[in-house]
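Dropping input-v2.pdb in here (PDB, N, CA and C atoms):
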MODEL        1
ATOM      1  N   MET A1116      15.293  -8.728   0.844
ATOM      2  CA  MET A1116      14.476  -7.764   0.131
ATOM      3  C   MET A1116      15.193  -6.419   0.124
ATOM      4  N   ASP A1117      15.356  -5.892  -1.062
ATOM      5  CA  ASP A1117      16.009  -4.601  -1.193
ATOM      6  C   ASP A1117      15.053  -3.625  -1.872
ATOM      7  N   PHE A1118      14.577  -2.687  -1.069
ATOM      8  CA  PHE A1118      13.617  -1.706  -1.582
ATOM      9  C   PHE A1118      14.219  -0.323  -1.728
ATOM     10  N   THR A1119      15.550  -0.241  -1.840
ATOM     11  CA  THR A1119      16.224   1.048  -1.967
ATOM     12  C   THR A1119      15.724   1.809  -3.187
ATOM     13  N   VAL A1120      15.606   1.129  -4.308
ATOM     14  CA  VAL A1120      15.143   1.768  -5.544
ATOM     15  C   VAL A1120      13.720   2.286  -5.376
ATOM     16  N   ILE A1121      12.865   1.487  -4.766
ATOM     17  CA  ILE A1121      11.464   1.876  -4.575
ATOM     18  C   ILE A1121      11.369   3.064  -3.622
ATOM     19  N   LYS A1122      12.088   3.008  -2.509
ATOM     20  CA  LYS A1122      12.050   4.107  -1.544
ATOM     21  C   LYS A1122      12.534   5.401  -2.191
ATOM     22  N   HIS A1123      13.597   5.320  -2.961
ATOM     23  CA  HIS A1123      14.120   6.508  -3.638
ATOM     24  C   HIS A1123      13.113   7.049  -4.659
ATOM     25  N   ALA A1124      12.481   6.170  -5.409
ATOM     26  CA  ALA A1124      11.491   6.599  -6.407
ATOM     27  C   ALA A1124      10.327   7.327  -5.741
ATOM     28  N   VAL A1125       9.902   6.841  -4.588
ATOM     29  CA  VAL A1125       8.811   7.490  -3.856
ATOM     30  C   VAL A1125       9.247   8.870  -3.377
ATOM     31  N   GLU A1126      10.443   8.966  -2.836
ATOM     32  CA  GLU A1126      10.952  10.253  -2.351
ATOM     33  C   GLU A1126      11.084  11.270  -3.483
ATOM     34  N   VAL A1127      11.587  10.832  -4.625
ATOM     35  CA  VAL A1127      11.779  11.722  -5.773
ATOM     36  C   VAL A1127      10.444  12.246  -6.288
ATOM     37  N   ASP A1128       9.398  11.424  -6.211
ATOM     38  CA  ASP A1128       8.069  11.824  -6.700
ATOM     39  C   ASP A1128       7.205  12.419  -5.595
ATOM     40  N   HIS A1129       7.818  13.129  -4.672
ATOM     41  CA  HIS A1129       7.109  13.877  -3.632
ATOM     42  C   HIS A1129       6.272  13.010  -2.706
ATOM     43  N   GLY A1130       6.749  11.801  -2.429
ATOM     44  CA  GLY A1130       6.105  10.958  -1.431
ATOM     45  C   GLY A1130       5.079   9.976  -1.944
ATOM     46  N   ILE A1131       4.939   9.841  -3.258
ATOM     47  CA  ILE A1131       3.977   8.871  -3.791
ATOM     48  C   ILE A1131       4.448   8.353  -5.154
ATOM     49  N   LYS A1132       4.229   7.070  -5.377
ATOM     50  CA  LYS A1132       4.614   6.454  -6.649
ATOM     51  C   LYS A1132       3.663   5.308  -6.946
ATOM     52  N   ARG A1133       3.229   5.193  -8.196
ATOM     53  CA  ARG A1133       2.379   4.078  -8.627
ATOM     54  C   ARG A1133       3.272   3.047  -9.302
ATOM     55  N   LEU A1134       3.270   1.823  -8.750
ATOM     56  CA  LEU A1134       4.126   0.763  -9.277
ATOM     57  C   LEU A1134       3.336  -0.520  -9.481
ATOM     58  N   SER A1135       3.804  -1.326 -10.409
ATOM     59  CA  SER A1135       3.163  -2.623 -10.634
ATOM     60  C   SER A1135       3.655  -3.612  -9.588
ATOM     61  N   MET A1136       2.846  -4.594  -9.298
ATOM     62  CA  MET A1136       3.252  -5.644  -8.377
ATOM     63  C   MET A1136       4.393  -6.457  -8.987
ATOM     64  N   SER A1137       4.466  -6.513 -10.295
ATOM     65  CA  SER A1137       5.569  -7.188 -10.969
ATOM     66  C   SER A1137       6.893  -6.506 -10.632
ATOM     67  N   PHE A1138       6.915  -5.181 -10.693
ATOM     68  CA  PHE A1138       8.116  -4.412 -10.363
ATOM     69  C   PHE A1138       8.492  -4.605  -8.894
ATOM     70  N   ILE A1139       7.499  -4.571  -8.024
ATOM     71  CA  ILE A1139       7.751  -4.753  -6.591
ATOM     72  C   ILE A1139       8.296  -6.149  -6.322
ATOM     73  N   LYS A1140       7.695  -7.168  -6.946
ATOM     74  CA  LYS A1140       8.155  -8.547  -6.763
ATOM     75  C   LYS A1140       9.594  -8.711  -7.232
ATOM     76  N   LYS A1141       9.929  -8.048  -8.330
ATOM     77  CA  LYS A1141      11.282  -8.134  -8.872
ATOM     78  C   LYS A1141      12.323  -7.678  -7.835
ATOM     79  N   HIS A1142      11.964  -6.688  -7.023
ATOM     80  CA  HIS A1142      12.882  -6.185  -6.005
ATOM     81  C   HIS A1142      12.755  -6.930  -4.682
ATOM     82  N   ALA A1143      11.602  -7.501  -4.443
ATOM     83  CA  ALA A1143      11.373  -8.202  -3.173
ATOM     84  C   ALA A1143      11.893  -9.630  -3.207
ATOM     85  N   ALA A1144      11.579 -10.338  -4.241
ATOM     86  CA  ALA A1144      11.921 -11.762  -4.312
ATOM     87  C   ALA A1144      12.022 -12.209  -5.767
ATOM     88  N   PRO A1145      13.079 -11.805  -6.454
ATOM     89  CA  PRO A1145      13.190 -12.156  -7.879
ATOM     90  C   PRO A1145      13.267 -13.664  -8.126
ATOM     91  N   GLU A1146      13.678 -14.403  -7.105
ATOM     92  CA  GLU A1146      13.799 -15.854  -7.263
ATOM     93  C   GLU A1146      12.466 -16.576  -7.167
ATOM     94  N   ARG A1147      11.442 -15.899  -6.664
ATOM     95  CA  ARG A1147      10.129 -16.529  -6.508
ATOM     96  C   ARG A1147       9.375 -16.518  -7.835
ATOM     97  N   ALA A1148       8.666 -17.594  -8.101
ATOM     98  CA  ALA A1148       7.913 -17.718  -9.349
ATOM     99  C   ALA A1148       6.658 -16.854  -9.348
ATOM    100  N   ARG A1149       6.031 -16.701  -8.171
ATOM    101  CA  ARG A1149       4.791 -15.925  -8.124
ATOM    102  C   ARG A1149       4.650 -15.225  -6.788
ATOM    103  N   LEU A1150       3.695 -14.319  -6.739
ATOM    104  CA  LEU A1150       3.385 -13.601  -5.508
ATOM    105  C   LEU A1150       2.356 -14.391  -4.719
ATOM    106  N   SER A1151       2.643 -14.679  -3.490
ATOM    107  CA  SER A1151       1.659 -15.332  -2.624
ATOM    108  C   SER A1151       1.158 -14.300  -1.619
ATOM    109  N   ALA A1152       0.073 -14.623  -0.948
ATOM    110  CA  ALA A1152      -0.445 -13.731   0.088
ATOM    111  C   ALA A1152       0.597 -13.563   1.196
ATOM    112  N   GLU A1153       1.316 -14.634   1.489
ATOM    113  CA  GLU A1153       2.361 -14.576   2.522
ATOM    114  C   GLU A1153       3.481 -13.615   2.110
ATOM    115  N   LEU A1154       3.935 -13.712   0.866
ATOM    116  CA  LEU A1154       4.989 -12.823   0.375
ATOM    117  C   LEU A1154       4.511 -11.379   0.378
ATOM    118  N   CYS A1155       3.277 -11.151  -0.027
ATOM    119  CA  CYS A1155       2.726  -9.793  -0.013
ATOM    120  C   CYS A1155       2.701  -9.230   1.406
ATOM    121  N   GLY A1156       2.392 -10.072   2.382
ATOM    122  CA  GLY A1156       2.425  -9.653   3.781
ATOM    123  C   GLY A1156       3.830  -9.281   4.220
ATOM    124  N   GLU A1157       4.811 -10.067   3.805
ATOM    125  CA  GLU A1157       6.211  -9.768   4.126
ATOM    126  C   GLU A1157       6.652  -8.454   3.481
ATOM    127  N   ILE A1158       6.233  -8.229   2.252
ATOM    128  CA  ILE A1158       6.565  -6.987   1.558
ATOM    129  C   ILE A1158       5.976  -5.797   2.311
ATOM    130  N   SER A1159       4.719  -5.913   2.718
ATOM    131  CA  SER A1159       4.077  -4.834   3.471
ATOM    132  C   SER A1159       4.830  -4.532   4.760
ATOM    133  N   GLU A1160       5.263  -5.579   5.466
ATOM    134  CA  GLU A1160       6.029  -5.393   6.705
ATOM    135  C   GLU A1160       7.340  -4.664   6.438
ATOM    136  N   GLU A1161       8.012  -5.031   5.362
ATOM    137  CA  GLU A1161       9.276  -4.367   5.012
ATOM    138  C   GLU A1161       9.038  -2.905   4.646
ATOM    139  N   PHE A1162       7.964  -2.639   3.904
ATOM    140  CA  PHE A1162       7.623  -1.254   3.581
ATOM    141  C   PHE A1162       7.409  -0.449   4.859
ATOM    142  N   GLU A1163       6.678  -1.004   5.810
ATOM    143  CA  GLU A1163       6.437  -0.315   7.083
ATOM    144  C   GLU A1163       7.750   0.022   7.781
ATOM    145  N   LYS A1164       8.696  -0.909   7.757
ATOM    146  CA  LYS A1164       9.991  -0.698   8.418
ATOM    147  C   LYS A1164      10.761   0.482   7.825
ATOM    148  N   ILE A1165      10.586   0.718   6.531
ATOM    149  CA  ILE A1165      11.323   1.814   5.891
ATOM    150  C   ILE A1165      10.460   3.062   5.681
ATOM    151  N   GLY A1166       9.308   3.108   6.338
ATOM    152  CA  GLY A1166       8.487   4.313   6.313
ATOM    153  C   GLY A1166       7.575   4.470   5.123
ATOM    154  N   LEU A1167       7.177   3.348   4.517
ATOM    155  CA  LEU A1167       6.271   3.400   3.370
ATOM    156  C   LEU A1167       4.978   2.663   3.695
ATOM    157  N   THR A1168       3.915   3.071   3.042
ATOM    158  CA  THR A1168       2.634   2.386   3.145
ATOM    159  C   THR A1168       2.083   2.219   1.738
ATOM    160  N   THR A1169       1.036   1.429   1.598
ATOM    161  CA  THR A1169       0.495   1.167   0.264
ATOM    162  C   THR A1169      -1.007   1.378   0.225
ATOM    163  N   LEU A1170      -1.492   1.638  -0.969
ATOM    164  CA  LEU A1170      -2.918   1.624  -1.277
ATOM    165  C   LEU A1170      -3.077   0.740  -2.491
ATOM    166  N   PRO A1171      -3.812  -0.307  -2.454
ATOM    167  CA  PRO A1171      -4.555  -0.789  -1.295
ATOM    168  C   PRO A1171      -3.609  -1.268  -0.190
ATOM    169  N   ARG A1172      -4.147  -1.266   1.024
ATOM    170  CA  ARG A1172      -3.354  -1.665   2.180
ATOM    171  C   ARG A1172      -2.945  -3.135   2.090
ATOM    172  N   THR A1173      -3.826  -3.987   1.593
ATOM    173  CA  THR A1173      -3.503  -5.394   1.375
ATOM    174  C   THR A1173      -3.042  -5.536  -0.073
ATOM    175  N   LEU A1174      -1.792  -5.906  -0.244
ATOM    176  CA  LEU A1174      -1.234  -5.983  -1.592
ATOM    177  C   LEU A1174      -1.840  -7.138  -2.383
ATOM    178  N   PRO A1175      -2.140  -6.908  -3.668
ATOM    179  CA  PRO A1175      -2.695  -7.967  -4.512
ATOM    180  C   PRO A1175      -1.612  -8.982  -4.902
ATOM    181  N   THR A1176      -2.031 -10.198  -5.173
ATOM    182  CA  THR A1176      -1.086 -11.244  -5.577
ATOM    183  C   THR A1176      -0.933 -11.328  -7.095
ATOM    184  N   ASP A1177      -1.683 -10.544  -7.821
ATOM    185  CA  ASP A1177      -1.616 -10.515  -9.282
ATOM    186  C   ASP A1177      -0.526  -9.529  -9.708
ATOM    187  N   THR A1178       0.481 -10.019 -10.415
ATOM    188  CA  THR A1178       1.597  -9.154 -10.813
ATOM    189  C   THR A1178       1.189  -8.082 -11.827
ATOM    190  N   ARG A1179       0.007  -8.216 -12.411
ATOM    191  CA  ARG A1179      -0.471  -7.213 -13.377
ATOM    192  C   ARG A1179      -1.122  -6.015 -12.698
ATOM    193  N   GLU A1180      -1.396  -6.130 -11.407
ATOM    194  CA  GLU A1180      -2.036  -5.052 -10.661
ATOM    195  C   GLU A1180      -1.028  -3.945 -10.331
ATOM    196  N   PHE A1181      -1.546  -2.735 -10.173
ATOM    197  CA  PHE A1181      -0.736  -1.595  -9.757
ATOM    198  C   PHE A1181      -1.177  -1.138  -8.373
ATOM    199  N   VAL A1182      -0.230  -0.627  -7.594
ATOM    200  CA  VAL A1182      -0.524  -0.102  -6.264
ATOM    201  C   VAL A1182       0.184   1.240  -6.102
ATOM    202  N   TRP A1183      -0.301   2.014  -5.138
ATOM    203  CA  TRP A1183       0.335   3.271  -4.782
ATOM    204  C   TRP A1183       1.247   3.018  -3.588
ATOM    205  N   ILE A1184       2.478   3.482  -3.671
ATOM    206  CA  ILE A1184       3.416   3.417  -2.561
ATOM    207  C   ILE A1184       3.533   4.844  -2.036
ATOM    208  N   ILE A1185       3.301   5.016  -0.734
ATOM    209  CA  ILE A1185       3.227   6.350  -0.149
ATOM    210  C   ILE A1185       4.192   6.457   1.022
ATOM    211  N   GLN A1186       4.910   7.566   1.083
ATOM    212  CA  GLN A1186       5.802   7.846   2.204
ATOM    213  C   GLN A1186       4.938   8.220   3.407
ATOM    214  N   ARG A1187       5.058   7.440   4.481
ATOM    215  CA  ARG A1187       4.202   7.663   5.657
ATOM    216  C   ARG A1187       4.376   9.042   6.275
ATOM    217  N   SER A1188       5.569   9.614   6.210
ATOM    218  CA  SER A1188       5.820  10.899   6.852
ATOM    219  C   SER A1188       5.359  12.092   6.018
ATOM    220  N   SER A1189       4.829  11.840   4.834
ATOM    221  CA  SER A1189       4.333  12.932   3.996
ATOM    222  C   SER A1189       2.911  13.297   4.415
ATOM    223  N   VAL A1190       2.442  14.434   3.934
ATOM    224  CA  VAL A1190       1.068  14.858   4.216
ATOM    225  C   VAL A1190       0.086  13.806   3.724
ATOM    226  N   LEU A1191       0.293  13.321   2.517
ATOM    227  CA  LEU A1191      -0.592  12.302   1.957
ATOM    228  C   LEU A1191      -0.523  11.015   2.780
ATOM    229  N   GLY A1192       0.656  10.670   3.255
ATOM    230  CA  GLY A1192       0.811   9.492   4.107
ATOM    231  C   GLY A1192       0.021   9.618   5.399
ATOM    232  N   GLU A1193       0.040  10.806   5.989
ATOM    233  CA  GLU A1193      -0.716  11.030   7.214
ATOM    234  C   GLU A1193      -2.219  10.977   6.958
ATOM    235  N   VAL A1194      -2.656  11.563   5.853
ATOM    236  CA  VAL A1194      -4.080  11.525   5.503
ATOM    237  C   VAL A1194      -4.513  10.076   5.262
ATOM    238  N   THR A1195      -3.675   9.306   4.595
ATOM    239  CA  THR A1195      -3.970   7.893   4.343
ATOM    240  C   THR A1195      -4.089   7.127   5.656
ATOM    241  N   ALA A1196      -3.214   7.412   6.603
ATOM    242  CA  ALA A1196      -3.262   6.739   7.910
ATOM    243  C   ALA A1196      -4.557   7.075   8.650
ATOM    244  N   ILE A1197      -4.978   8.324   8.587
ATOM    245  CA  ILE A1197      -6.235   8.727   9.229
ATOM    246  C   ILE A1197      -7.420   8.018   8.565
ATOM    247  N   ALA A1198      -7.438   8.010   7.234
ATOM    248  CA  ALA A1198      -8.527   7.351   6.510
ATOM    249  C   ALA A1198      -8.552   5.851   6.799
ATOM    250  N   ALA A1199      -7.373   5.225   6.888
ATOM    251  CA  ALA A1199      -7.306   3.792   7.190
ATOM    252  C   ALA A1199      -7.844   3.511   8.593
ATOM    253  N   ALA A1200      -7.548   4.396   9.538
ATOM    254  CA  ALA A1200      -8.071   4.230  10.902
ATOM    255  C   ALA A1200      -9.596   4.336  10.897
ATOM    256  N   LEU A1201     -10.138   5.278  10.141
ATOM    257  CA  LEU A1201     -11.598   5.400  10.030
ATOM    258  C   LEU A1201     -12.206   4.160   9.378
ATOM    259  N   ALA A1202     -11.537   3.624   8.371
ATOM    260  CA  ALA A1202     -12.028   2.409   7.695
ATOM    261  C   ALA A1202     -12.045   1.231   8.666
ATOM    262  N   GLN A1203     -11.022   1.121   9.493
ATOM    263  CA  GLN A1203     -10.977   0.036  10.476
ATOM    264  C   GLN A1203     -12.088   0.192  11.512
ATOM    265  N   LEU A1204     -12.301   1.412  11.988
ATOM    266  CA  LEU A1204     -13.391   1.653  12.941
ATOM    267  C   LEU A1204     -14.743   1.350  12.303
ATOM    268  N   ASP A1205     -14.907   1.736  11.049
ATOM    269  CA  ASP A1205     -16.152   1.465  10.334
ATOM    270  C   ASP A1205     -16.372  -0.044  10.207
ATOM    271  N   LYS A1206     -15.303  -0.768   9.949
ATOM    272  CA  LYS A1206     -15.371  -2.221   9.775
ATOM    273  C   LYS A1206     -15.881  -2.919  11.038
ATOM    274  N   ILE A1207     -15.529  -2.398  12.201
ATOM    275  CA  ILE A1207     -15.965  -3.014  13.455
ATOM    276  C   ILE A1207     -17.194  -2.312  14.050
ATOM    277  N   GLY A1208     -17.791  -1.418  13.269
ATOM    278  CA  GLY A1208     -19.029  -0.766  13.695
ATOM    279  C   GLY A1208     -18.853   0.335  14.719
ATOM    280  N   MET A1209     -17.678   0.942  14.791
ATOM    281  CA  MET A1209     -17.424   1.976  15.786
ATOM    282  C   MET A1209     -17.016   3.304  15.163
ATOM    283  N   SER A1210     -17.406   3.545  13.925
ATOM    284  CA  SER A1210     -17.002   4.766  13.234
ATOM    285  C   SER A1210     -17.661   5.991  13.847
ATOM    286  N   PRO A1211     -16.884   7.047  14.091
ATOM    287  CA  PRO A1211     -17.477   8.305  14.563
ATOM    288  C   PRO A1211     -18.258   9.010  13.453
ATOM    289  N   LEU A1212     -18.056   8.573  12.215
ATOM    290  CA  LEU A1212     -18.763   9.107  11.048
ATOM    291  C   LEU A1212     -19.380   7.932  10.297
ATOM    292  N   PRO A1213     -20.504   7.402  10.792
ATOM    293  CA  PRO A1213     -21.035   6.128  10.290
ATOM    294  C   PRO A1213     -21.294   6.054   8.786
ATOM    295  N   GLN A1214     -21.664   7.139   8.146
ATOM    296  CA  GLN A1214     -21.975   7.067   6.717
ATOM    297  C   GLN A1214     -20.851   7.584   5.826
ATOM    298  N   VAL A1215     -19.688   7.815   6.375
ATOM    299  CA  VAL A1215     -18.617   8.444   5.597
ATOM    300  C   VAL A1215     -18.219   7.626   4.369
ATOM    301  N   PHE A1216     -18.263   6.313   4.431
ATOM    302  CA  PHE A1216     -17.830   5.497   3.296
ATOM    303  C   PHE A1216     -18.968   5.096   2.369
ATOM    304  N   ASP A1217     -20.198   5.514   2.663
ATOM    305  CA  ASP A1217     -21.322   5.177   1.789
ATOM    306  C   ASP A1217     -21.097   5.688   0.362
ATOM    307  N   ASN A1218     -20.514   6.863   0.231
ATOM    308  CA  ASN A1218     -20.270   7.451  -1.082
ATOM    309  C   ASN A1218     -18.891   7.122  -1.648
ATOM    310  N   TYR A1219     -18.082   6.394  -0.865
ATOM    311  CA  TYR A1219     -16.705   6.093  -1.287
ATOM    312  C   TYR A1219     -16.362   4.619  -1.094
ATOM    313  N   PRO A1220     -17.070   3.713  -1.752
ATOM    314  CA  PRO A1220     -16.832   2.288  -1.539
ATOM    315  C   PRO A1220     -15.440   1.808  -1.965
ATOM    316  N   GLN A1221     -14.888   2.401  -3.013
ATOM    317  CA  GLN A1221     -13.547   2.015  -3.456
ATOM    318  C   GLN A1221     -12.504   2.386  -2.406
ATOM    319  N   ALA A1222     -12.668   3.550  -1.808
ATOM    320  CA  ALA A1222     -11.732   3.986  -0.766
ATOM    321  C   ALA A1222     -11.784   3.033   0.414
ATOM    322  N   LYS A1223     -12.978   2.671   0.831
ATOM    323  CA  LYS A1223     -13.120   1.773   1.968
ATOM    324  C   LYS A1223     -12.426   0.434   1.695
ATOM    325  N   ASN A1224     -12.616  -0.113   0.502
ATOM    326  CA  ASN A1224     -12.010  -1.397   0.154
ATOM    327  C   ASN A1224     -10.481  -1.300   0.100
ATOM    328  N   SER A1225      -9.961  -0.174  -0.324
ATOM    329  CA  SER A1225      -8.508  -0.009  -0.424
ATOM    330  C   SER A1225      -7.865   0.228   0.934
ATOM    331  N   LEU A1226      -8.597   0.807   1.844
ATOM    332  CA  LEU A1226      -8.032   1.170   3.148
ATOM    333  C   LEU A1226      -8.134   0.066   4.184
ATOM    334  N   ALA A1227      -9.053  -0.844   3.987
ATOM    335  CA  ALA A1227      -9.270  -1.888   4.998
ATOM    336  C   ALA A1227      -8.236  -2.985   4.943
TER     337      ALA A1227
ENDMDL
END
Encoding of this model in structure tokens:
Amino acid sequence: MDFTVIKHAVEVDHGIKRLSMSFIKKHAAPERARLSAELCGEISEEFEKIGLTTLPRTLPTDTREFVWIIQRSSVLGEVTAIAAALAQLDKIGMSPLPQVFDNYPQAKNSLA
């Protein structure tokens, strides 16, 4: 998997880039016919290794879908990490802000 182009695109756009899963697959595994949940998990792991995170956190297997790629060391990356931690705590019933996601259901689904 070579994500040099993706990492550079994110850096050039101030730490965030919206890309299609088709584009990501082309760089991750051009020889594969389709995106599987397993391949998406491998892609996420590789992104983590090079300092990137995604929204939604769980990558879709549909190549027509778009995702946000975020540089973890950026301000937005840090805010995303905090929000993801709150979403995880909310998921297990331990949120310090129990109603925080009531008004933001899309955010909760993307962060979990």
Running DSSP on the backbone, which parts of stretch 1125-1226 of chain A land in helix (DSSP H, G or I), as a PyMOL selection string? chain A and resi 1125-1127+1136-1143+1152-1164+1190-1206+1220-1226
Just the residues within 7 Å of A:Ala1202, please, counting only C-alpha atoms, with nothing from its chain fewer than 4 positions along; format it as an MDAnalysis selection string. chainID A and resid 1198 1206 1223 1226:1227
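With atom C of A:Thr1173 on one side and atom CA of A:Ala1148 on the other, the separation reads 18.8 Å.
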What parts of chain A does DSSP call strand (DSSP E)? I'd like the answer as number ranges by chain. A: 1131-1135, 1167-1170, 1181-1186
The distance between atom C of A:Lys1132 and atom C of A:Val1182 is 5.4 Å
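One finds atom CA of A:Leu1174 at 21.3 Å from atom CA of A:Ile1207.
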Quick check on the file I pasted: which residues fall under the PyMOL selection byres (((chain A and resi 1163-1169 and name CA) around 8) and name CA)? Write them as a PyMOL selection string. chain A and resi 1122+1159-1162+1170-1174+1182-1188+1192
Give the padded box for stretch 1136-1152 of chain A as JSON: axis-aligned, covering all atoms listed in the file, 3 Å on each side, centre and edge lengths in Å to one decimal.
{"center_x": 6.7, "center_y": -11.1, "center_z": -4.9, "size_x": 20.2, "size_y": 19.3, "size_z": 18.2}
Which residue is closest to A:Met1136? Choose from A:Val1190, A:Leu1150, A:Gln1203, A:Phe1181 and count all atoms listed in the file. A:Phe1181
Find the spatial neighbours of stretch 1137-1142 of chain A, counting only N, CA and C atoms, within a cut-off of 7 Å - ignore same-chain residues fewer than 4 positions away - and output them as number ranges by chain. A: 1116-1118, 1146, 1177-1180
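Each of A:Ile1158, A:Met1209, A:Tyr1219, A:Asp1128 was compared to A:Ala1143 using only N, CA and C atoms, and A:Ile1158 turns out to be the nearest.
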